[in-house]
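The next block is query_38.cif, given as mmCIF, C-alpha atoms, pLDDT in the B column; chains and numbers go by the auth columns.
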data_data
loop_
_atom_site.group_PDB
_atom_site.id
_atom_site.type_symbol
_atom_site.label_atom_id
_atom_site.label_comp_id
_atom_site.label_asym_id
_atom_site.label_seq_id
_atom_site.Cartn_x
_atom_site.Cartn_y
_atom_site.Cartn_z
_atom_site.B_iso_or_equiv
_atom_site.auth_seq_id
_atom_site.auth_asym_id
ATOM 1 C CA MET A 1 0.000 0.000 0.000 45.00 69 A
ATOM 2 C CA ILE A 2 1.426 3.361 -1.028 48.00 70 A
ATOM 3 C CA LYS A 3 0.972 5.989 1.656 48.00 71 A
ATOM 4 C CA ASN A 4 0.499 9.684 0.939 45.00 72 A
ATOM 5 C CA HIS A 5 3.949 11.247 1.282 46.00 73 A
ATOM 6 C CA ALA A 6 3.640 14.412 -0.803 42.00 74 A
ATOM 7 C CA ALA A 7 3.914 16.969 2.010 41.00 75 A
ATOM 8 C CA THR A 8 7.016 16.664 4.141 39.00 76 A
ATOM 9 C CA VAL A 9 6.679 19.174 6.940 36.00 77 A
ATOM 10 C CA GLY A 10 3.502 19.569 8.935 38.00 78 A
ATOM 11 C CA VAL A 11 2.482 19.946 12.532 32.00 79 A
ATOM 12 C CA ALA A 12 2.045 16.178 12.945 36.00 80 A
ATOM 13 C CA SER A 13 5.501 15.528 11.478 38.00 81 A
ATOM 14 C CA LEU A 14 7.100 18.017 13.850 32.00 82 A
ATOM 15 C CA LEU A 15 5.336 16.474 16.835 33.00 83 A
ATOM 16 C CA LEU A 16 6.364 12.965 15.756 35.00 84 A
ATOM 17 C CA ALA A 17 9.964 14.080 15.242 38.00 85 A
ATOM 18 C CA ALA A 18 10.043 15.598 18.717 37.00 86 A
ATOM 19 C CA GLY A 19 8.657 12.333 20.092 39.00 87 A
ATOM 20 C CA ALA A 20 11.364 10.379 18.249 38.00 88 A
ATOM 21 C CA LEU A 21 14.106 12.365 19.935 35.00 89 A
ATOM 22 C CA GLY A 22 12.654 11.607 23.347 34.00 90 A
ATOM 23 C CA ALA A 23 11.983 7.920 22.623 34.00 91 A
ATOM 24 C CA THR A 24 15.071 6.865 20.710 34.00 92 A
ATOM 25 C CA GLY A 25 17.752 9.506 21.138 33.00 93 A
ATOM 26 C CA LEU A 26 18.956 11.208 17.997 32.00 94 A
ATOM 27 C CA PRO A 27 17.262 10.212 14.718 36.00 95 A
ATOM 28 C CA ALA A 28 19.274 8.356 12.085 34.00 96 A
ATOM 29 C CA SER A 29 21.340 10.666 9.903 40.00 97 A
ATOM 30 C CA ALA A 30 22.223 10.525 6.245 40.00 98 A
ATOM 31 C CA ASP A 31 25.284 8.566 5.225 44.00 99 A
ATOM 32 C CA THR A 32 28.119 10.895 4.279 37.00 100 A
ATOM 33 C CA ALA A 33 29.818 8.538 1.829 41.00 101 A
ATOM 34 C CA ALA A 34 31.598 10.545 -0.841 41.00 102 A
ATOM 35 C CA PRO A 35 30.419 10.201 -4.434 43.00 103 A
ATOM 36 C CA SER A 36 32.023 7.266 -6.249 46.00 104 A
ATOM 37 C CA GLY A 37 35.208 8.273 -8.003 40.00 105 A
ATOM 38 C CA ALA A 38 35.692 11.320 -5.757 34.00 106 A
ATOM 39 C CA ARG A 39 39.272 12.396 -5.171 29.00 107 A
ATOM 40 C CA GLU A 40 40.790 12.775 -1.714 27.00 108 A
ATOM 41 C CA ALA A 41 40.512 16.553 -2.078 29.00 109 A
ATOM 42 C CA GLY A 42 38.260 18.300 -4.602 35.00 110 A
ATOM 43 C CA ALA A 43 39.242 21.065 -6.975 38.00 111 A
ATOM 44 C CA ALA A 44 38.280 23.661 -4.382 44.00 112 A
ATOM 45 C CA GLY A 45 40.374 21.923 -1.701 51.00 113 A
ATOM 46 C CA LYS A 46 37.389 20.173 -0.095 56.00 114 A
ATOM 47 C CA SER A 47 37.809 16.886 1.731 55.00 115 A
ATOM 48 C CA GLN A 48 35.671 13.843 0.870 54.00 116 A
ATOM 49 C CA SER A 49 33.412 14.459 3.877 58.00 117 A
ATOM 50 C CA GLN A 50 32.919 18.118 2.853 56.00 118 A
ATOM 51 C CA GLU A 51 32.076 17.029 -0.689 57.00 119 A
ATOM 52 C CA ALA A 52 29.633 14.429 0.643 58.00 120 A
ATOM 53 C CA ARG A 53 27.892 16.995 2.853 61.00 121 A
ATOM 54 C CA ALA A 54 27.590 19.355 -0.132 70.00 122 A
ATOM 55 C CA PHE A 55 26.271 16.455 -2.274 82.00 123 A
ATOM 56 C CA CYS A 56 23.589 15.610 0.321 88.00 124 A
ATOM 57 C CA SER A 57 21.957 19.025 0.363 81.00 125 A
ATOM 58 C CA GLY A 58 19.823 18.747 3.459 74.00 126 A
ATOM 59 C CA PRO A 59 16.174 18.147 4.221 73.00 127 A
ATOM 60 C CA GLY A 60 14.048 17.528 1.189 68.00 128 A
ATOM 61 C CA THR A 61 11.192 19.784 2.208 77.00 129 A
ATOM 62 C CA GLY A 62 8.732 20.545 -0.562 83.00 130 A
ATOM 63 C CA ILE A 63 6.110 18.777 -2.633 91.00 131 A
ATOM 64 C CA TYR A 64 7.365 15.592 -4.271 93.00 132 A
ATOM 65 C CA ARG A 65 5.978 13.067 -6.747 94.00 133 A
ATOM 66 C CA ASP A 66 6.833 9.416 -7.259 96.00 134 A
ATOM 67 C CA SER A 67 9.052 9.223 -10.361 96.00 135 A
ATOM 68 C CA GLY A 68 9.674 5.485 -10.163 97.00 136 A
ATOM 69 C CA HIS A 69 9.207 2.796 -7.536 97.00 137 A
ATOM 70 C CA ARG A 70 9.641 -0.883 -6.765 97.00 138 A
ATOM 71 C CA THR A 71 9.108 -3.410 -4.008 98.00 139 A
ATOM 72 C CA TYR A 72 11.997 -5.599 -2.845 98.00 140 A
ATOM 73 C CA LYS A 73 11.724 -8.247 -0.103 97.00 141 A
ATOM 74 C CA GLY A 74 8.500 -6.647 1.130 97.00 142 A
ATOM 75 C CA ARG A 75 9.970 -3.127 1.279 97.00 143 A
ATOM 76 C CA PHE A 76 8.631 -0.352 -0.938 98.00 144 A
ATOM 77 C CA THR A 77 11.016 2.294 -2.269 97.00 145 A
ATOM 78 C CA SER A 78 10.536 5.215 -4.648 97.00 146 A
ATOM 79 C CA ILE A 79 12.591 7.984 -6.176 97.00 147 A
ATOM 80 C CA ASP A 80 10.682 11.169 -5.421 96.00 148 A
ATOM 81 C CA THR A 81 11.337 14.320 -7.426 95.00 149 A
ATOM 82 C CA GLU A 82 10.279 17.831 -6.514 93.00 150 A
ATOM 83 C CA SER A 83 7.055 18.751 -8.322 88.00 151 A
ATOM 84 C CA ILE A 84 7.132 22.542 -8.501 86.00 152 A
ATOM 85 C CA TRP A 85 10.767 23.624 -8.878 85.00 153 A
ATOM 86 C CA ASP A 86 12.322 20.335 -10.077 85.00 154 A
ATOM 87 C CA ARG A 87 15.515 21.153 -8.166 89.00 155 A
ATOM 88 C CA LYS A 88 15.797 18.153 -5.838 94.00 156 A
ATOM 89 C CA ALA A 89 15.244 14.410 -5.548 95.00 157 A
ATOM 90 C CA ARG A 90 15.172 12.072 -2.548 96.00 158 A
ATOM 91 C CA ALA A 91 14.642 8.399 -1.776 97.00 159 A
ATOM 92 C CA TYR A 92 11.588 7.209 0.148 96.00 160 A
ATOM 93 C CA ALA A 93 11.008 3.790 1.750 97.00 161 A
ATOM 94 C CA GLU A 94 8.168 2.190 3.696 97.00 162 A
ATOM 95 C CA ASP A 95 7.270 -1.187 5.219 97.00 163 A
ATOM 96 C CA ILE A 96 10.705 -1.120 6.830 97.00 164 A
ATOM 97 C CA VAL A 97 12.390 -2.667 9.872 97.00 165 A
ATOM 98 C CA LYS A 98 15.092 -1.226 12.123 97.00 166 A
ATOM 99 C CA GLY A 99 18.440 -1.506 10.323 98.00 167 A
ATOM 100 C CA ASP A 100 17.074 -1.228 6.761 98.00 168 A
ATOM 101 C CA LYS A 101 18.850 1.403 4.662 98.00 169 A
ATOM 102 C CA VAL A 102 17.440 3.564 1.873 98.00 170 A
ATOM 103 C CA GLN A 103 19.746 5.374 -0.515 97.00 171 A
ATOM 104 C CA VAL A 104 19.322 8.051 -3.172 97.00 172 A
ATOM 105 C CA GLN A 105 21.940 7.735 -5.914 97.00 173 A
ATOM 106 C CA ARG A 106 22.757 10.508 -8.408 97.00 174 A
ATOM 107 C CA SER A 107 25.041 10.659 -11.436 97.00 175 A
ATOM 108 C CA ILE A 108 28.127 12.873 -11.068 96.00 176 A
ATOM 109 C CA LYS A 109 27.643 14.489 -14.500 96.00 177 A
ATOM 110 C CA PRO A 110 24.270 15.744 -15.804 95.00 178 A
ATOM 111 C CA PHE A 111 22.354 14.697 -18.910 96.00 179 A
ATOM 112 C CA LYS A 112 20.841 17.014 -21.510 95.00 180 A
ATOM 113 C CA MET A 113 17.072 16.862 -20.959 93.00 181 A
ATOM 114 C CA LYS A 114 14.848 15.656 -23.785 93.00 182 A
ATOM 115 C CA ASN A 115 11.093 15.856 -24.335 92.00 183 A
ATOM 116 C CA HIS A 116 10.704 12.487 -22.614 93.00 184 A
ATOM 117 C CA VAL A 117 12.015 10.792 -19.480 93.00 185 A
ATOM 118 C CA GLN A 118 15.287 8.883 -19.928 95.00 186 A
ATOM 119 C CA HIS A 119 16.265 5.636 -18.147 97.00 187 A
ATOM 120 C CA PRO A 120 20.027 5.111 -18.639 97.00 188 A
ATOM 121 C CA THR A 121 21.826 1.977 -17.437 97.00 189 A
ATOM 122 C CA THR A 122 24.196 1.863 -14.480 97.00 190 A
ATOM 123 C CA LYS A 123 26.969 0.812 -16.885 97.00 191 A
ATOM 124 C CA TYR A 124 26.399 3.946 -19.000 97.00 192 A
ATOM 125 C CA ILE A 125 26.434 6.193 -15.923 97.00 193 A
ATOM 126 C CA LYS A 126 29.692 4.651 -14.705 97.00 194 A
ATOM 127 C CA GLN A 127 31.387 4.876 -18.121 97.00 195 A
ATOM 128 C CA LYS A 128 30.067 8.181 -19.497 96.00 196 A
ATOM 129 C CA LYS A 129 28.800 10.248 -16.560 96.00 197 A
ATOM 130 C CA GLY A 130 31.592 9.887 -13.983 95.00 198 A
ATOM 131 C CA GLY A 131 29.841 7.311 -11.820 96.00 199 A
ATOM 132 C CA TYR A 132 27.427 8.267 -9.074 97.00 200 A
ATOM 133 C CA GLY A 133 27.254 9.595 -5.545 96.00 201 A
ATOM 134 C CA ARG A 134 24.884 8.552 -2.792 95.00 202 A
ATOM 135 C CA CYS A 135 23.094 9.709 0.356 95.00 203 A
ATOM 136 C CA SER A 136 21.755 7.108 2.782 95.00 204 A
ATOM 137 C CA LYS A 137 19.518 6.842 5.800 96.00 205 A
ATOM 138 C CA THR A 138 19.325 3.820 8.091 97.00 206 A
ATOM 139 C CA ALA A 139 16.037 3.108 9.872 98.00 207 A
ATOM 140 C CA ASN A 140 16.023 3.557 13.636 97.00 208 A
ATOM 141 C CA ALA A 141 13.337 2.182 15.992 97.00 209 A
ATOM 142 C CA PHE A 142 11.100 5.238 15.521 97.00 210 A
ATOM 143 C CA ASP A 143 11.279 5.080 11.706 97.00 211 A
ATOM 144 C CA ALA A 144 10.499 1.348 11.687 96.00 212 A
ATOM 145 C CA ASN A 145 7.981 0.965 14.511 95.00 213 A
ATOM 146 C CA VAL A 146 6.102 4.271 14.706 96.00 214 A
ATOM 147 C CA ARG A 147 6.214 5.884 11.263 95.00 215 A
ATOM 148 C CA ASP A 148 6.999 2.806 9.125 95.00 216 A
ATOM 149 C CA TRP A 149 8.657 5.058 6.527 96.00 217 A
ATOM 150 C CA MET A 150 11.794 7.161 6.026 96.00 218 A
ATOM 151 C CA VAL A 151 13.359 9.546 3.508 94.00 219 A
ATOM 152 C CA THR A 152 16.943 10.533 2.697 95.00 220 A
ATOM 153 C CA LYS A 153 18.376 14.009 2.442 94.00 221 A
ATOM 154 C CA ALA A 154 17.839 15.569 -0.969 94.00 222 A
ATOM 155 C CA VAL A 155 20.273 15.681 -3.895 95.00 223 A
ATOM 156 C CA ARG A 156 20.322 18.182 -6.750 93.00 224 A
ATOM 157 C CA LEU A 157 18.157 17.119 -9.729 92.00 225 A
ATOM 158 C CA GLN A 158 18.332 19.848 -12.384 91.00 226 A
ATOM 159 C CA ILE A 159 20.904 22.435 -13.427 86.00 227 A
ATOM 160 C CA GLY A 160 19.544 25.440 -15.255 79.00 228 A
ATOM 161 C CA GLY A 161 16.750 24.835 -17.723 74.00 229 A
ATOM 162 C CA ASN A 162 18.010 21.968 -19.831 91.00 230 A
ATOM 163 C CA LYS A 163 20.229 19.628 -17.759 94.00 231 A
ATOM 164 C CA SER A 164 19.221 16.977 -15.259 95.00 232 A
ATOM 165 C CA TYR A 165 21.143 14.400 -13.259 96.00 233 A
ATOM 166 C CA ALA A 166 20.116 10.738 -13.305 97.00 234 A
ATOM 167 C CA VAL A 167 18.691 9.640 -9.930 97.00 235 A
ATOM 168 C CA ARG A 168 17.389 6.405 -8.433 98.00 236 A
ATOM 169 C CA SER A 169 16.373 4.936 -5.081 98.00 237 A
ATOM 170 C CA CYS A 170 17.774 1.737 -3.568 98.00 238 A
ATOM 171 C CA ILE A 171 16.605 -0.228 -0.539 98.00 239 A
ATOM 172 C CA PHE A 172 19.043 -2.392 1.429 98.00 240 A
ATOM 173 C CA PRO A 173 17.100 -4.698 3.796 98.00 241 A
ATOM 174 C CA LYS A 174 18.763 -5.503 7.117 96.00 242 A
ATOM 175 C CA GLY A 175 19.004 -9.177 6.092 95.00 243 A
ATOM 176 C CA GLY A 176 20.992 -8.378 2.932 97.00 244 A
ATOM 177 C CA GLY A 177 20.453 -7.720 -0.754 97.00 245 A
ATOM 178 C CA LYS A 178 19.645 -4.587 -2.733 97.00 246 A
ATOM 179 C CA GLY A 179 16.647 -3.469 -4.771 98.00 247 A
ATOM 180 C CA CYS A 180 16.778 -0.294 -6.901 98.00 248 A
ATOM 181 C CA THR A 181 14.381 1.651 -9.078 98.00 249 A
ATOM 182 C CA LYS A 182 15.274 2.439 -12.694 98.00 250 A
ATOM 183 C CA TRP A 183 17.518 5.446 -13.203 98.00 251 A
ATOM 184 C CA PHE A 184 15.412 8.553 -13.875 97.00 252 A
ATOM 185 C CA VAL A 185 16.464 11.602 -15.923 96.00 253 A
ATOM 186 C CA ASP A 186 13.876 14.394 -15.883 93.00 254 A
ATOM 187 C CA HIS A 187 12.405 15.835 -19.083 91.00 255 A
ATOM 188 C CA LYS A 188 11.819 19.368 -20.414 88.00 256 A
#
Would you give me this structure, written as structure tokens?
Amino acid sequence: MIKNHAATVGVASLLLAAGALGATGLPASADTAAPSGAREAGAAGKSQSQEARAFCSGPGTGIYRDSGHRTYKGRFTSIDTESIWDRKARAYAEDIVKGDKVQVQRSIKPFKMKNHVQHPTTKYIKQKKGGYGRCSKTANAFDANVRDWMVTKAVRLQIGGNKSYAVRSCIFPKGGGKGCTKWFVDHK
């Protein structure tokens, strides 16, 4: 069953988040793994952790739509893209247990947008687009037992008016394995 997850911040969400802090300590944070193929220090002298923090741009507040989803080992995951501004994308997962991980993956180099959605292969992204970076979130007790859903921090989706990164969502169940959506490149 797909739950309504279009609006991110509301009074109920804020109350639940406050309850999570009291019940479980700090909520799970996004994984700060550097994008694949990242150098030890970037062109601007940034470390891998600084580059990862810049890659994972923060809370994905806004109105999002499901741009591709799948179910893997009973867990639902979707790649959600911002509906109004088309600037960000994030990964969403539900029907989760404590220890499951959801990850948004994004190509390092953008694609030229076409009049239709594109679904490149992982091989193409690795060979022609510099690989991909990732932001992760691991389910804590509150995510799994109270909410039964979680989202990652957002990553950049579009650059200017005619370029978009490829994005996808992957779910990593606690017991092992990986299930990902198709790669998604936005359209004009």
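Taking atom CA of A:Thr190 as the reference point, atom CA of A:Ile152 is found at 27.5 Å.
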Nearby residues (all atoms listed in the file) at most 7 Å from A:Arg155, same-chain spacing under 6 positions excluded, as an mmCIF file with C-alpha atoms, in the coordinates of the input:
data_model
loop_
_atom_site.group_PDB
_atom_site.id
_atom_site.type_symbol
_atom_site.label_atom_id
_atom_site.label_comp_id
_atom_site.auth_asym_id
_atom_site.auth_seq_id
_atom_site.Cartn_x
_atom_site.Cartn_y
_atom_site.Cartn_z
ATOM 1 C CA ARG A 224 20.322 18.182 -6.750
ATOM 2 C CA LEU A 225 18.157 17.119 -9.729
ATOM 3 C CA GLN A 226 18.332 19.848 -12.384
#
Could you list, as a PyMOL selection string, every residue matched by the PyMOL selection byres ((chain A and resi 231) around 8) in this structure?
chain A and resi 178-181+226-230+232-233
Now that the selection is made, can you save its residues with C-alpha atoms as a CSV table (one decimal), keeping the file's coordinate frame?
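Below is the file that was written, out.csv:
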chain,number,residue,atom,x,y,z
A,178,PRO,CA,24.3,15.7,-15.8
A,179,PHE,CA,22.4,14.7,-18.9
A,180,LYS,CA,20.8,17.0,-21.5
A,181,MET,CA,17.1,16.9,-21.0
A,226,GLN,CA,18.3,19.8,-12.4
A,227,ILE,CA,20.9,22.4,-13.4
A,228,GLY,CA,19.5,25.4,-15.3
A,229,GLY,CA,16.8,24.8,-17.7
A,230,ASN,CA,18.0,22.0,-19.8
A,232,SER,CA,19.2,17.0,-15.3
A,233,TYR,CA,21.1,14.4,-13.3
Straight-line distance linking atom CA of A:Gly136 with atom CA of A:Ser237, stated in Å to one decimal:
8.4 Å
Edge lengths and centre in Å to one decimal, as JSON, of the axis-aligned box that encloses all listed atoms of stretch 146-149 of chain A with 8 Å added on every side?
{"center_x": 11.6, "center_y": 9.8, "center_z": -6.0, "size_x": 18.1, "size_y": 25.1, "size_z": 18.8}
Just want the 8 Å neighbourhood of A:His255, counted on all atoms listed in the file, with same-chain residues fewer than 6 positions away dropped. Output as a PDB file with C-alpha atoms, in the frame of the given file.
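Ended up saving to out.pdb:
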ATOM      1  CA  MET A 181      17.072  16.862 -20.959  1.00 93.00           C
ATOM      2  CA  LYS A 182      14.848  15.656 -23.785  1.00 93.00           C
ATOM      3  CA  ASN A 183      11.093  15.856 -24.335  1.00 92.00           C
ATOM      4  CA  HIS A 184      10.704  12.487 -22.614  1.00 93.00           C
ATOM      5  CA  VAL A 185      12.015  10.792 -19.480  1.00 93.00           C
ATOM      6  CA  GLN A 186      15.287   8.883 -19.928  1.00 95.00           C
ATOM      7  CA  SER A 232      19.221  16.977 -15.259  1.00 95.00           C
TER       8      SER A 232
END
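Interatomic distance, atom CA of A:Gly244 against atom CA of A:Arg215: 22.2 Å.
Nearest to A:Ala209 of all the residues A:Arg133, A:Arg174, A:Lys166, A:Arg143 is A:Lys166, counting all atoms listed in the file.
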Assuming the chain letters and numbering stay as they are in my file, what does the PyMOL selection byres ((chain A and resi 167) around 6) actually select? List them as a list in words.
Lys166, Asp168, Thr206, Ala207 and Lys242 of chain A
Would you write out those residues with C-alpha atoms, as a compact mmCIF listing (two decimals), in the coordinates of the input?
# COMPACT_ATOMS: atom_id res chain seq x y z
CA LYS A 166 15.09 -1.23 12.12
CA ASP A 168 17.07 -1.23 6.76
CA THR A 206 19.32 3.82 8.09
CA ALA A 207 16.04 3.11 9.87
CA LYS A 242 18.76 -5.50 7.12
So that I can check the surroundings of A:Pro127, please list as a PyMOL selection string every protein, DNA and RNA residue that reaches within 8 Å of it, counting only C-alpha atoms and ignoring chain neighbours fewer than 6 positions away.
chain A and resi 220-222
My list of candidates is A:Cys124, A:Ala234, A:Ile147, A:Cys248. Which is closest to A:Gly198 when distances are computed with all atoms listed in the file?
A:Ala234
Sphere at (13.3, 7.9, -13.5), radius 6 Å, counting all atoms listed in the file: residues as an NGL selection string:
:A and (135-136 or 187 or 250-253)
Selection export as a PDB file, keeping the file's coordinate frame, atoms kept: C-alpha atoms:
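Contents of result-v8.pdb, freshly written:
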ATOM      1  CA  SER A 135       9.052   9.223 -10.361  1.00 96.00           C
ATOM      2  CA  GLY A 136       9.674   5.485 -10.163  1.00 97.00           C
ATOM      3  CA  HIS A 187      16.265   5.636 -18.147  1.00 97.00           C
ATOM      4  CA  LYS A 250      15.274   2.439 -12.694  1.00 98.00           C
ATOM      5  CA  TRP A 251      17.518   5.446 -13.203  1.00 98.00           C
ATOM      6  CA  PHE A 252      15.412   8.553 -13.875  1.00 97.00           C
ATOM      7  CA  VAL A 253      16.464  11.602 -15.923  1.00 96.00           C
TER       8      VAL A 253
END
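Each of A:Tyr132, A:Tyr160, A:Trp153, A:Phe123 was compared to A:Asp216 using all atoms listed in the file, and A:Tyr160 turns out to be the nearest.
In terms of minimum interatomic distance to A:Thr149, A:Arg236 ranks closest within A:Lys177, A:Lys191, A:Arg236, A:Lys196, counting only C-alpha atoms.
When the distance limit is 9 Å and all atoms listed in the file are what count, the residues near A:Val170, minus those fewer than 4 positions from it on the same chain, are Thr145, Ala159, Tyr160, Ala161, Cys203, Ser204, Lys205, Thr206, Ala207, Met218, Val219, Thr220, Ser237, Cys238, Ile239, Phe240 and Pro241 of chain A.
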Hits of the PyMOL selection byres ((chain A and resi 142) around 10) in this structure, as a PDB file with C-alpha atoms, keeping the file's coordinate frame:
ATOM      1  CA  ARG A 138       9.641  -0.883  -6.765  1.00 97.00           C
ATOM      2  CA  THR A 139       9.108  -3.410  -4.008  1.00 98.00           C
ATOM      3  CA  TYR A 140      11.997  -5.599  -2.845  1.00 98.00           C
ATOM      4  CA  LYS A 141      11.724  -8.247  -0.103  1.00 97.00           C
ATOM      5  CA  ARG A 143       9.970  -3.127   1.279  1.00 97.00           C
ATOM      6  CA  PHE A 144       8.631  -0.352  -0.938  1.00 98.00           C
ATOM      7  CA  THR A 145      11.016   2.294  -2.269  1.00 97.00           C
ATOM      8  CA  GLU A 162       8.168   2.190   3.696  1.00 97.00           C
ATOM      9  CA  ASP A 163       7.270  -1.187   5.219  1.00 97.00           C
ATOM     10  CA  ILE A 164      10.705  -1.120   6.830  1.00 97.00           C
ATOM     11  CA  PRO A 241      17.100  -4.698   3.796  1.00 98.00           C
TER      12      PRO A 241
END
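With distances restricted to only C-alpha atoms, A:Val165 is the closest residue to A:Ala212 from A:Val165, A:Tyr192, A:Ile131, A:Val235.
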Missing atoms in stretch 149-164 of chain A: fill them in up to N, CA and C atoms and send the result as a tab-separated table (two decimals), in the coordinates of the input.
chain	number	residue	atom	x	y	z
A	149	THR	N	10.77	13.09	-6.89
A	149	THR	CA	11.34	14.32	-7.43
A	149	THR	C	10.42	15.49	-7.10
A	150	GLU	N	11.03	16.63	-6.88
A	150	GLU	CA	10.28	17.83	-6.51
A	150	GLU	C	9.33	18.21	-7.65
A	151	SER	N	8.08	18.50	-7.31
A	151	SER	CA	7.06	18.75	-8.32
A	151	SER	C	7.07	20.16	-8.89
A	152	ILE	N	7.29	21.16	-8.05
A	152	ILE	CA	7.13	22.54	-8.50
A	152	ILE	C	8.42	23.08	-9.12
A	153	TRP	N	9.53	23.02	-8.41
A	153	TRP	CA	10.77	23.62	-8.88
A	153	TRP	C	11.68	22.65	-9.60
A	154	ASP	N	11.48	21.36	-9.44
A	154	ASP	CA	12.32	20.34	-10.08
A	154	ASP	C	13.80	20.49	-9.75
A	155	ARG	N	14.12	20.96	-8.54
A	155	ARG	CA	15.52	21.15	-8.17
A	155	ARG	C	16.10	19.96	-7.42
A	156	LYS	N	15.27	19.18	-6.73
A	156	LYS	CA	15.80	18.15	-5.84
A	156	LYS	C	15.12	16.81	-6.04
A	157	ALA	N	15.80	15.76	-5.57
A	157	ALA	CA	15.24	14.41	-5.55
A	157	ALA	C	15.66	13.76	-4.23
A	158	ARG	N	14.86	12.80	-3.78
A	158	ARG	CA	15.17	12.07	-2.55
A	158	ARG	C	14.63	10.66	-2.67
A	159	ALA	N	15.12	9.77	-1.82
A	159	ALA	CA	14.64	8.40	-1.78
A	159	ALA	C	13.67	8.24	-0.62
A	160	TYR	N	12.62	7.47	-0.84
A	160	TYR	CA	11.59	7.21	0.15
A	160	TYR	C	11.46	5.69	0.30
A	161	ALA	N	11.22	5.22	1.53
A	161	ALA	CA	11.01	3.79	1.75
A	161	ALA	C	9.94	3.61	2.81
A	162	GLU	N	9.16	2.53	2.68
A	162	GLU	CA	8.17	2.19	3.70
A	162	GLU	C	8.12	0.68	3.86
A	163	ASP	N	7.33	0.23	4.84
A	163	ASP	CA	7.27	-1.19	5.22
A	163	ASP	C	8.66	-1.67	5.60
A	164	ILE	N	9.30	-0.91	6.47
A	164	ILE	CA	10.70	-1.12	6.83
A	164	ILE	C	10.85	-1.71	8.23
